[in-house]
There are 8 protein chains.
Amino acid sequence: MDPNAVRLLLEAVRGGETGIDEAMAALRDLPFANLGFANVDHHRALRSGFPEVVLGIGKTAEQTVAIFREIDSRAQTVLGTRIPADVGAALQAALPEVAYDALSRTAVLMRKPPPPVGKRPIYVVSAGTSDLPVAQEAAITAEVYGNRVERVWDVGVAGVHRLLHRRADLESAGVIIVVAGMEGALASVVGGLVSRPVIAVPTSVGYGASFGGLAALLGMLNGCAAGVTVVNIDNGFGAAHAATLINRAADGA
Amino acid sequence: MDPNAVRLLLEAVRGGETGIDEAMAALRDLPFANLGFANVDHHRALRSGFPEVVLGIGKTAEQTVAIFREIDSRAQTVLGTRIPADVGAALQAALPEVAYDALSRTAVLMRKPPPPVGKRPIYVVSAGTSDLPVAQEAAITAEVYGNRVERVWDVGVAGVHRLLHRRADLESAGVIIVVAGMEGALASVVGGLVSRPVIAVPTSVGYGASFGGLAALLGMLNGCAAGVTVVNIDNGFGAAHAATLINRAADGA
Amino acid sequence: MDPNAVRLLLEAVRGGETGIDEAMAALRDLPFANLGFANVDHHRALRSGFPEVVLGIGKTAEQTVAIFREIDSRAQTVLGTRIPADVGAALQAALPEVAYDALSRTAVLMRKPPPPVGKRPIYVVSAGTSDLPVAQEAAITAEVYGNRVERVWDVGVAGVHRLLHRRADLESAGVIIVVAGMEGALASVVGGLVSRPVIAVPTSVGYGASFGGLAALLGMLNGCAAGVTVVNIDNGFGAAHAATLINRAADGA
Amino acid sequence: MDPNAVRLLLEAVRGGETGIDEAMAALRDLPFANLGFANVDHHRALRSGFPEVVLGIGKTAEQTVAIFREIDSRAQTVLGTRIPADVGAALQAALPEVAYDALSRTAVLMRKPPPPVGKRPIYVVSAGTSDLPVAQEAAITAEVYGNRVERVWDVGVAGVHRLLHRRADLESAGVIIVVAGMEGALASVVGGLVSRPVIAVPTSVGYGASFGGLAALLGMLNGCAAGVTVVNIDNGFGAAHAATLINRAADGA
Amino acid sequence: MDPNAVRLLLEAVRGGETGIDEAMAALRDLPFANLGFANVDHHRALRSGFPEVVLGIGKTAEQTVAIFREIDSRAQTVLGTRIPADVGAALQAALPEVAYDALSRTAVLMRKPPPPVGKRPIYVVSAGTSDLPVAQEAAITAEVYGNRVERVWDVGVAGVHRLLHRRADLESAGVIIVVAGMEGALASVVGGLVSRPVIAVPTSVGYGASFGGLAALLGMLNGCAAGVTVVNIDNGFGAAHAATLINRAADGA
Amino acid sequence: MDPNAVRLLLEAVRGGETGIDEAMAALRDLPFANLGFANVDHHRALRSGFPEVVLGIGKTAEQTVAIFREIDSRAQTVLGTRIPADVGAALQAALPEVAYDALSRTAVLMRKPPPPVGKRPIYVVSAGTSDLPVAQEAAITAEVYGNRVERVWDVGVAGVHRLLHRRADLESAGVIIVVAGMEGALASVVGGLVSRPVIAVPTSVGYGASFGGLAALLGMLNGCAAGVTVVNIDNGFGAAHAATLINRAADGA
Amino acid sequence: MDPNAVRLLLEAVRGGETGIDEAMAALRDLPFANLGFANVDHHRALRSGFPEVVLGIGKTAEQTVAIFREIDSRAQTVLGTRIPADVGAALQAALPEVAYDALSRTAVLMRKPPPPVGKRPIYVVSAGTSDLPVAQEAAITAEVYGNRVERVWDVGVAGVHRLLHRRADLESAGVIIVVAGMEGALASVVGGLVSRPVIAVPTSVGYGASFGGLAALLGMLNGCAAGVTVVNIDNGFGAAHAATLINRAADGA
Amino acid sequence: MDPNAVRLLLEAVRGGETGIDEAMAALRDLPFANLGFANVDHHRALRSGFPEVVLGIGKTAEQTVAIFREIDSRAQTVLGTRIPADVGAALQAALPEVAYDALSRTAVLMRKPPPPVGKRPIYVVSAGTSDLPVAQEAAITAEVYGNRVERVWDVGVAGVHRLLHRRADLESAGVIIVVAGMEGALASVVGGLVSRPVIAVPTSVGYGASFGGLAALLGMLNGCAAGVTVVNIDNGFGAAHAATLINRAADGA
């Protein structure tokens, strides 16, 4: 609904040229989304302080640089995920302030630090060294969103005592993100140890009957510890986004 | 948005108690869906002349009878699908005008015939006798929606000459619904013979590697004849609904 | 059946050299397909005005150029789908009139515009930018077939208000093609908003548990909005072909 | 490690009968879990105020009654899930204070109300009437855990405007649990509308290519709205447990 | 094409009332299948001497009896497969000559023995006692079709020496049908021992990861012995039908 | 090879009636399996002292009783697995010495205790109470085979400290059988704690995305602890059989 | 069993140095396979006249050339399948008599033509041009084995009249090999038209929901025409091997 | 728990500065894993004499060389698996004592031979030449762990007599590792022939419906010979590790 159209309508009502019933019918037929709906969206974006996110899959270096420039011109933080190394290099050549992390393939352009989120840190726990790219994507995303992040790398269930050692630390977390491939059992073990919200990220790490992460995904969904929820395979970003929403709750947001 | 609220607002604008800008802000913040949106829905339902549809799965006889009564009280046609035999009997005991078809497990309560839809008939073609429940659900649905329906039963691809025999008939259809289980190849054969829109319904008929209709579904999706679209396994109702939308186009609707 | 053979047989009947029963037996044993059946096919092709379609998968540049030349010599429109970039370049080098679209990997050689199809436009709606190659294949195919096409890009369900904004437009379509990867929910949302035929195209866009488009395919097949039919994953061409058959119905074809 | 054993050891150290090195070796070899670890667990259970949960699958009426009695004797709340109707009747015959809900198959024995959890309510949103058993299991679980619960039933994506109507309400939630079968798209739509944590529960509702909830599960995992996490098919209990952990965060727990 | 119509046309040609070109056009437009095509089918059925086959799935006792009666009235052998025990009893009550085999759930009504097929016997080899229903369906079908049948029961690969013992016998077969569930390896072992055509029938016998016969099916398709072909899970009838076609070849048919 | 035939042949050689070359040719052509091969089998059965095993699936009470009687007449131990309750009752009515265990559905007829197997016990560890039927099948089988068995019930990974508590016990095992459904992670945890052979049995316990034990199976196959091997879903018997073969090794067998 | 050992034993029997019983025991304990079993194999190979087959997958050019040379030195025909183009070139450089077919990736070294097999030709029927590599592998294999081969290319079910045109030809075949990807329906159509043995070869041709040939495989296994058997996806060689075994039957072999 | 902290605590107890109860509380609250738990691990590693294992997947040449150097500096044997050829070359350039096996992609750095394990050899049996990489990984691993290894290559079930020939040898094994792709039936055949523990390794060798090893995996899990256990697809290392644990049992370890 064009604001000018509404204004004209209301002026006609005020001037008596348009009757009440007629005005109501006109309003009813206007596309509702123009009632400032987009503004609501805009406001929500501004209020959240979240960065804008660019998914690098299927974009050329030129396209990615252009998108980063455009968002940057609105003076907003940009987070690129799944950015290939060559695109990362192109970004840094064009925008030297871009921080590119080769392990997680994330690129961050942040002009000012985000407002801090949450009273407690987000823990990112990963099972094996091959899970680190996904774990690091989660950790960097959570940091860019304003959370404090603690990394606990390489605590697979085959050496479960290493995990027990960190129980008290984990209990201090606002949210715990568990990243694991193969059979994905780490999520259950962590979920059974602590009483904090746990978000499990299955990874496509493995071979044979891991079927590209399916085994880990099913394992996490069937885990016997209540309180664990799951995101898509390799979706470190999504886990961090969800964890941020949870962590903000403690701020009374 | 409560119409009364809008009326009061407009009256305040007319009376000058509320300024234009203030009124615009108020309108912007009202829930848009109350801007008569439900009416739009209502209008669409009235305009379409479509019956209301009750999915019988998971409903008791008592619940189903109650729903039929309630819709009937609004003097509208009711189509029940997947109605078990005992629920069908209960419906007929309570509402003797209900027509229950045991083969397709459909129950119809129609006080007046629907307005006719389409200049051409919808053909429902089925491969084997075991596919008839689904084919009949499609045929009855299409009739209740107002289409003229032609049934072509039992023309599997293993006896493809029986199908060729009916080519001219099929070409005269507005839409053709092909219902087939096992390998589902009938859809491709029909789609290759004629130049009319074909909607394919895989059925769960079969055993062994049919995997509950998966083989037929994949066969139909991979069919080599362009112009064939597919609905869910055993979804005769959905095919007829889609076919009706297509068939109405010729009416200039 | 060789027409000459039939002619000779009929002349023999006329001349009395062959008896009626003998002639009937001879006719019965002739391969029926030669009874002008191929002509019927030919006539249908001519009548439809559809272009000939070349699937680029597994063909060399030389083969593709040769096929385009051969069809072009019959003065007919050629539509090539899934044409790799290097084959597209070879086509344009050999036949400068070829229009190659790198996004959708389609190549079109059209000597004269197609006869217009349908009284209403076909809408092609896509969920994300990564779905554009498939959406554009559908759009170009529909245009080459003679339809008027409206493109509505980038209206995923996570921002469903953008879609609601276009509801009246969508309702004016003859057919709507919805192209979406990931969970494919856009098809249900569109199908629930409007009362026009909707053809859903799942795309292989996604990662992890999207399993190459399986998640989107299953989502679309299980969609709760009746009236939606589905084609194979990434099959933009097939959706446009089916949409054209539907759109022609309004012409009284 | 038997506390008495530790006491004796320490006394021997104090008395000088056992050397420091010898005592350290003894401690090292004792089973660590006896170092009060079970107490920690116990403490956590007491601190959380969570009820004890009994999964009814594969238990006889006699077994279930016995377990309820045993927990009740410790004056603790019991929540039984997936309790068949006949077991529910046996429970109520033995323990008249048990509240059995036939829709969700939950049985609750609660001697005193739980301490309230969370500053905001948990919203449970379900797509269709067939999803209600799972949605209700989530809602009752959340209530038994001490959360305030708001139920929003029957808002499938095919009628997405009904959902938009409730946007402001949903935004006021501490956590939103979305329960949906078929294509499971409701989770994405809700996740795109609001900025609260969303837990998605796929249900096994559907037929054909829903494959027992697989389609909904994949749809939810691939959803395009960040911030949505997923639990196992039909796991209303697990969603509520996770939601409670999240909702507690706002209490500064 | 109605023979009378052709006769009239030819008479008109003979009488000079219809020109040659006109007659050719008329013939071209007649439905080809009426050119005695059905007769060809009929002739093929008579020539083959094969019984008519009734698939019992989804048919009531009344329907099955009626179909048996109808075929019997044409003095032809009837083979019913997948006939439940109660339907078998009804058949025998109505038609005392029906032979019902409870193990394989086949019912045979044979008024005269079939003409013998093949110079060599068909061997039916089964792996375990649980595979016997399918093996027996194959054996009875092959006998009803006129083949000599040798049964070799219970020769699983875990006791492969029992099979080697019968190598010379197996080599004397015209065709070997191998029926096996679980891992289905028997087909490869037999195929590697002898140089006769082998048709493998996977059965749904098994549990756990047999997934209803999928493991056996995949095993047989991937078998390392060339010369083995496969039919659908539990399809003893189909294997015997195919084996008969092969066995007839030696008769110079 | 009939021993008498060999005897006659050798006598003919000794008597000079048959030449050496002729005798060698005769021997070469005899079926090898008759060279006492069956005896070898027999000897192995006697030597192993293993009971004969009857799989109850698909057998009537009468058949099962008859098989038990027949084996019993050879004075050998019989182990029946997957024996339904009513068949178990029929067994005990006919053979009062049969011990029937309703939980695991095993029936044992043992006239004398088996020779002891292994220097160490077999541990059977199960995750949840619903896994007990499979765990108990494994335990009883192992006992009937002559192993000493230790049962460790109910030590799921969500309470991993309960398991750590038993580490020293587990390390004393000859073999450990781990029985777990849902995500099956217990096998990895046990395999990582101890350095004994671990056999993992996935169970079909679970719901939703457990897909009848597939999640547990994949989890166990992808487990990150080396030294774990896996048997079929619910195959407690097979695990115990394999464990016995391993445990015997320590006897120098 | 070393022939010399048997000879010595028999001589000792003849000489009376070894008793009959002693000799029987010795024979019983000898490894049976040495009783000329390998010779039987050798004889079967010679008798069959089949070429030796080399699977090219995973072999280097050097290895493949060496194997071809070795077999060639025994003056036997060699058939290489799945030979990459560069290996084919290396073969032809080393052995100029090798015939390499780039389409099917087969390499043949044939010093003298094979003895003819079968009284009738083998028909190889393929659905689309993309199926030709597999169809050609089948055709070349069948020719190298000595069969007469007829090729019927490009007769997909979407143009089923082209196939009907060839019905009489197909009926004259000894065996028909049907090669088809996508939905694989061609096998059913051919199997329904003719009464000859049909071997179906699914191909991995297709995209999206063809899942690497799974759709075609399931379609062929579920085909409604009895008499069709199936081999592995893309296994043109296996189909031709099986077809040859069938075709030989007519020779009284 | 820092040993120094424990020492200080015990000294304080001895000196009377800390009471018994206070000390017990302190001990209870210390992280248990520091109670020398890591030492236990260390001791177990030393006691087992097992090499440290480096999984090459996803590591650069530099990283792999660094890890080898680091472990080597602790004078321990290193086994690298899945080491690509170029990384193998880099290893050998840096550490000339590394033995790299290109077939199995294993790299071994062994300064002194391992203590011998087991009284009997481990047999590694493989079905086809394409299975050799996995079989060789198993064989080399078993050797590096100290087992005596016998290799039996190329004994597929299609030539089962070759296997029977080796029965006595196989019976002499401590453990048998069976490596097979395609249908994986070799494991059942071996398991049925001998009474030794059999570990089956499915391989991803095959094409079409082998689905990357799934067919072999399912075949092995469903094998009809008890006593066979299974590891992940292509997991030769895991099989050898498990076999070593079994083989050690005979040493009274």
# chains A, B, ... in the order shown; residues from 1 in each chain; ligands from 1

call {"tool": "residues_around", "arguments": {"residues": "region 55-70 of chain A", "least_positions_apart": "2", "cutoff": "12 Å", "atoms": "only C-alpha atoms", "output": "mmCIF file with N, CA and C atoms, in the first residue's frame"}}
result
data_model
loop_
_atom_site.group_PDB
_atom_site.id
_atom_site.type_symbol
_atom_site.label_atom_id
_atom_site.label_comp_id
_atom_site.auth_asym_id
_atom_site.auth_seq_id
_atom_site.Cartn_x
_atom_site.Cartn_y
_atom_site.Cartn_z
ATOM 1 N N PRO A 51 24.892 -9.115 11.702
ATOM 2 C CA PRO A 51 25.517 -8.751 10.432
ATOM 3 C C PRO A 51 24.672 -9.274 9.278
ATOM 4 N N GLU A 52 24.934 -8.772 8.081
ATOM 5 C CA GLU A 52 24.320 -9.399 6.920
ATOM 6 C C GLU A 52 25.209 -10.553 6.484
ATOM 7 N N VAL A 53 24.602 -11.626 6.033
ATOM 8 C CA VAL A 53 25.335 -12.851 5.736
ATOM 9 C C VAL A 53 25.280 -13.140 4.245
ATOM 10 N N ASP A 72 28.844 -2.974 2.755
ATOM 11 C CA ASP A 72 29.776 -2.129 3.503
ATOM 12 C C ASP A 72 29.388 -0.661 3.378
ATOM 13 N N SER A 73 28.871 -0.263 2.217
ATOM 14 C CA SER A 73 28.507 1.141 2.009
ATOM 15 C C SER A 73 27.370 1.544 2.946
ATOM 16 N N ARG A 74 26.604 0.572 3.408
ATOM 17 C CA ARG A 74 25.576 0.869 4.396
ATOM 18 C C ARG A 74 26.142 0.761 5.804
ATOM 19 N N ALA A 75 27.471 0.663 5.864
ATOM 20 C CA ALA A 75 28.183 0.688 7.141
ATOM 21 C C ALA A 75 27.726 -0.427 8.073
ATOM 22 N N GLN A 76 27.558 -1.604 7.501
ATOM 23 C CA GLN A 76 27.084 -2.723 8.271
ATOM 24 C C GLN A 76 28.121 -3.846 8.206
ATOM 25 N N THR A 77 28.168 -4.656 9.230
ATOM 26 C CA THR A 77 29.098 -5.777 9.225
ATOM 27 C C THR A 77 28.641 -6.830 8.216
ATOM 28 N N VAL A 78 29.596 -7.422 7.488
ATOM 29 C CA VAL A 78 29.293 -8.478 6.526
ATOM 30 C C VAL A 78 30.013 -9.742 6.975
ATOM 31 N N LEU A 79 29.270 -10.872 6.935
ATOM 32 C CA LEU A 79 29.870 -12.177 7.191
ATOM 33 C C LEU A 79 29.663 -13.040 5.957
ATOM 34 N N GLY A 80 30.763 -13.464 5.338
ATOM 35 C CA GLY A 80 30.661 -14.382 4.201
ATOM 36 C C GLY A 80 30.981 -15.792 4.649
ATOM 37 N N THR A 81 30.135 -16.760 4.287
ATOM 38 C CA THR A 81 30.421 -18.154 4.618
ATOM 39 C C THR A 81 30.640 -18.952 3.340
ATOM 40 N N ARG A 82 31.402 -20.055 3.481
ATOM 41 C CA ARG A 82 31.711 -20.921 2.331
ATOM 42 C C ARG A 82 32.338 -20.120 1.187
ATOM 43 N N ILE A 83 33.244 -19.245 1.549
ATOM 44 C CA ILE A 83 33.977 -18.423 0.581
ATOM 45 C C ILE A 83 35.231 -19.196 0.172
ATOM 46 N N PRO A 84 35.373 -19.585 -1.092
ATOM 47 C CA PRO A 84 36.586 -20.294 -1.508
ATOM 48 C C PRO A 84 37.821 -19.414 -1.328
ATOM 49 N N ALA A 85 38.979 -20.054 -1.257
ATOM 50 C CA ALA A 85 40.239 -19.339 -0.999
ATOM 51 C C ALA A 85 40.486 -18.244 -2.017
ATOM 52 N N ASP A 86 40.232 -18.499 -3.300
ATOM 53 C CA ASP A 86 40.534 -17.483 -4.305
ATOM 54 C C ASP A 86 39.591 -16.281 -4.178
ATOM 55 N N VAL A 87 38.356 -16.548 -3.799
ATOM 56 C CA VAL A 87 37.430 -15.436 -3.592
ATOM 57 C C VAL A 87 37.841 -14.656 -2.346
ATOM 58 N N GLY A 88 38.297 -15.387 -1.337
ATOM 59 C CA GLY A 88 38.808 -14.722 -0.140
ATOM 60 C C GLY A 88 39.956 -13.774 -0.483
ATOM 61 N N ALA A 89 40.858 -14.236 -1.339
ATOM 62 C CA ALA A 89 41.980 -13.386 -1.748
ATOM 63 C C ALA A 89 41.481 -12.156 -2.500
ATOM 64 N N ALA A 90 40.503 -12.359 -3.382
ATOM 65 C CA ALA A 90 39.953 -11.228 -4.137
ATOM 66 C C ALA A 90 39.304 -10.217 -3.191
ATOM 67 N N LEU A 91 38.621 -10.735 -2.186
ATOM 68 C CA LEU A 91 37.994 -9.842 -1.211
ATOM 69 C C LEU A 91 39.043 -8.993 -0.500
ATOM 70 N N GLN A 92 40.104 -9.658 -0.083
ATOM 71 C CA GLN A 92 41.136 -8.923 0.664
ATOM 72 C C GLN A 92 41.874 -7.922 -0.221
ATOM 73 N N ALA A 93 42.017 -8.276 -1.503
ATOM 74 C CA ALA A 93 42.647 -7.330 -2.430
ATOM 75 C C ALA A 93 41.772 -6.087 -2.584
ATOM 76 N N ALA A 94 40.460 -6.296 -2.656
ATOM 77 C CA ALA A 94 39.555 -5.171 -2.878
ATOM 78 C C ALA A 94 39.261 -4.410 -1.590
ATOM 79 N N LEU A 95 39.117 -5.160 -0.517
ATOM 80 C CA LEU A 95 38.742 -4.565 0.765
ATOM 81 C C LEU A 95 39.722 -5.061 1.816
ATOM 82 N N PRO A 96 40.858 -4.363 1.997
ATOM 83 C CA PRO A 96 41.932 -4.892 2.849
ATOM 84 C C PRO A 96 41.487 -5.166 4.281
ATOM 85 N N GLU A 97 40.361 -4.601 4.702
ATOM 86 C CA GLU A 97 39.924 -4.827 6.075
ATOM 87 C C GLU A 97 39.241 -6.177 6.257
ATOM 88 N N VAL A 98 38.992 -6.873 5.155
ATOM 89 C CA VAL A 98 38.335 -8.181 5.274
ATOM 90 C C VAL A 98 39.273 -9.163 5.958
ATOM 91 N N ARG A 105 36.707 -21.040 5.886
ATOM 92 C CA ARG A 105 36.276 -20.357 4.671
ATOM 93 C C ARG A 105 35.265 -19.247 4.967
ATOM 94 N N THR A 106 35.505 -18.525 6.047
ATOM 95 C CA THR A 106 34.670 -17.363 6.349
ATOM 96 C C THR A 106 35.434 -16.090 6.062
ATOM 97 N N ALA A 107 34.714 -15.068 5.639
ATOM 98 C CA ALA A 107 35.296 -13.741 5.410
ATOM 99 C C ALA A 107 34.459 -12.732 6.179
ATOM 100 N N VAL A 108 35.143 -11.906 6.956
ATOM 101 C CA VAL A 108 34.422 -10.961 7.811
ATOM 102 C C VAL A 108 34.911 -9.550 7.522
ATOM 103 N N LEU A 109 33.948 -8.641 7.304
ATOM 104 C CA LEU A 109 34.269 -7.214 7.170
ATOM 105 C C LEU A 109 33.487 -6.499 8.269
ATOM 106 N N MET A 110 34.214 -6.094 9.291
ATOM 107 C CA MET A 110 33.561 -5.548 10.479
ATOM 108 C C MET A 110 34.181 -4.203 10.797
ATOM 109 N N ASN A 235 26.394 -27.360 8.958
ATOM 110 C CA ASN A 235 25.821 -26.023 9.072
ATOM 111 C C ASN A 235 26.293 -25.326 10.351
ATOM 112 N N PHE A 237 27.275 -22.278 10.619
ATOM 113 C CA PHE A 237 26.667 -20.958 10.674
ATOM 114 C C PHE A 237 25.290 -21.000 11.330
ATOM 115 N N GLY A 238 24.459 -21.928 10.863
ATOM 116 C CA GLY A 238 23.102 -22.021 11.403
ATOM 117 C C GLY A 238 23.100 -22.314 12.891
ATOM 118 N N LEU C 103 23.654 -18.353 -17.787
ATOM 119 C CA LEU C 103 23.076 -18.693 -16.488
ATOM 120 C C LEU C 103 22.314 -20.015 -16.552
ATOM 121 N N GLY C 128 15.633 -18.636 -4.268
ATOM 122 C CA GLY C 128 16.916 -18.039 -3.938
ATOM 123 C C GLY C 128 17.739 -17.787 -5.183
ATOM 124 N N THR C 129 18.822 -17.032 -5.023
ATOM 125 C CA THR C 129 19.629 -16.749 -6.198
ATOM 126 C C THR C 129 20.260 -18.016 -6.771
ATOM 127 N N SER C 130 20.518 -18.996 -5.940
ATOM 128 C CA SER C 130 21.112 -20.220 -6.465
ATOM 129 C C SER C 130 20.132 -21.040 -7.288
ATOM 130 N N ASP C 131 18.858 -20.750 -7.170
ATOM 131 C CA ASP C 131 17.867 -21.449 -7.982
ATOM 132 C C ASP C 131 17.706 -20.824 -9.363
ATOM 133 N N LEU C 132 18.385 -19.702 -9.606
ATOM 134 C CA LEU C 132 18.145 -18.971 -10.844
ATOM 135 C C LEU C 132 18.459 -19.761 -12.110
ATOM 136 N N PRO C 133 19.535 -20.567 -12.155
ATOM 137 C CA PRO C 133 19.765 -21.298 -13.407
ATOM 138 C C PRO C 133 18.560 -22.145 -13.825
ATOM 139 N N VAL C 205 19.919 -27.376 -5.344
ATOM 140 C CA VAL C 205 20.624 -26.390 -4.522
ATOM 141 C C VAL C 205 20.512 -26.785 -3.050
ATOM 142 N N GLY C 206 21.607 -26.661 -2.337
ATOM 143 C CA GLY C 206 21.623 -26.995 -0.919
ATOM 144 C C GLY C 206 22.886 -27.756 -0.597
ATOM 145 N N TYR C 207 22.945 -28.278 0.602
ATOM 146 C CA TYR C 207 24.098 -29.064 1.010
ATOM 147 C C TYR C 207 23.631 -29.969 2.123
ATOM 148 N N CYS D 224 15.294 -22.606 5.090
ATOM 149 C CA CYS D 224 16.137 -21.476 4.729
ATOM 150 C C CYS D 224 16.153 -20.392 5.791
#

call {"tool": "select_by_dssp", "arguments": {"residues": "region 115-197 of chain A", "states": "strand (DSSP E)", "output": "number ranges by chain"}}
result
A: 117-126, 147-152, 175-180

call {"tool": "interface_residues", "arguments": {"of": "chain B", "to": "chain G", "cutoff": "10 Å", "atoms": "only C-alpha atoms", "output": "PyMOL selection string"}}
result
chain B and resi 127-128+156-161+164+181-194+206-211+214-226

call {"tool": "atom_distance", "arguments": {"atom1": "CA of Ala250 (chain G)", "atom2": "CA of Ala249 (chain E)"}}
result
5.2 Å

call {"tool": "residues_around", "arguments": {"residues": "Pro197 (chain C)", "least_positions_apart": "2", "cutoff": "6 Å", "atoms": "only C-alpha atoms", "output": "short mmCIF file (atom, residue, chain, number, x, y, z; two decimals) with N, CA and C atoms, in the first residue's frame"}}
result
data_model
loop_
_atom_site.label_atom_id
_atom_site.label_comp_id
_atom_site.auth_asym_id
_atom_site.auth_seq_id
_atom_site.Cartn_x
_atom_site.Cartn_y
_atom_site.Cartn_z
N LEU B 245 -8.10 -27.13 -11.51
CA LEU B 245 -7.53 -25.79 -11.73
C LEU B 245 -7.13 -25.61 -13.18
N ILE B 246 -6.56 -26.64 -13.77
CA ILE B 246 -6.14 -26.58 -15.18
C ILE B 246 -7.36 -26.52 -16.09
N VAL C 175 -0.42 -20.04 -15.42
CA VAL C 175 0.22 -21.12 -14.67
C VAL C 175 1.36 -20.48 -13.88
#

call {"tool": "select_by_dssp", "arguments": {"residues": "region 26-227 of chain B", "states": "alpha helix (DSSP H)", "output": "PyMOL selection string"}}
result
chain B and resi 26-29+37-48+61-73+85-94+132-144+160-164+167-171+186-193+214-221

call {"tool": "atom_distance", "arguments": {"atom1": "CA of Val230 (chain H)", "atom2": "CA of Val117 (chain F)"}}
result
23.1 Å

call {"tool": "atom_distance", "arguments": {"atom1": "CA of Val13 (chain E)", "atom2": "CA of Arg14 (chain C)"}}
result
5.4 Å
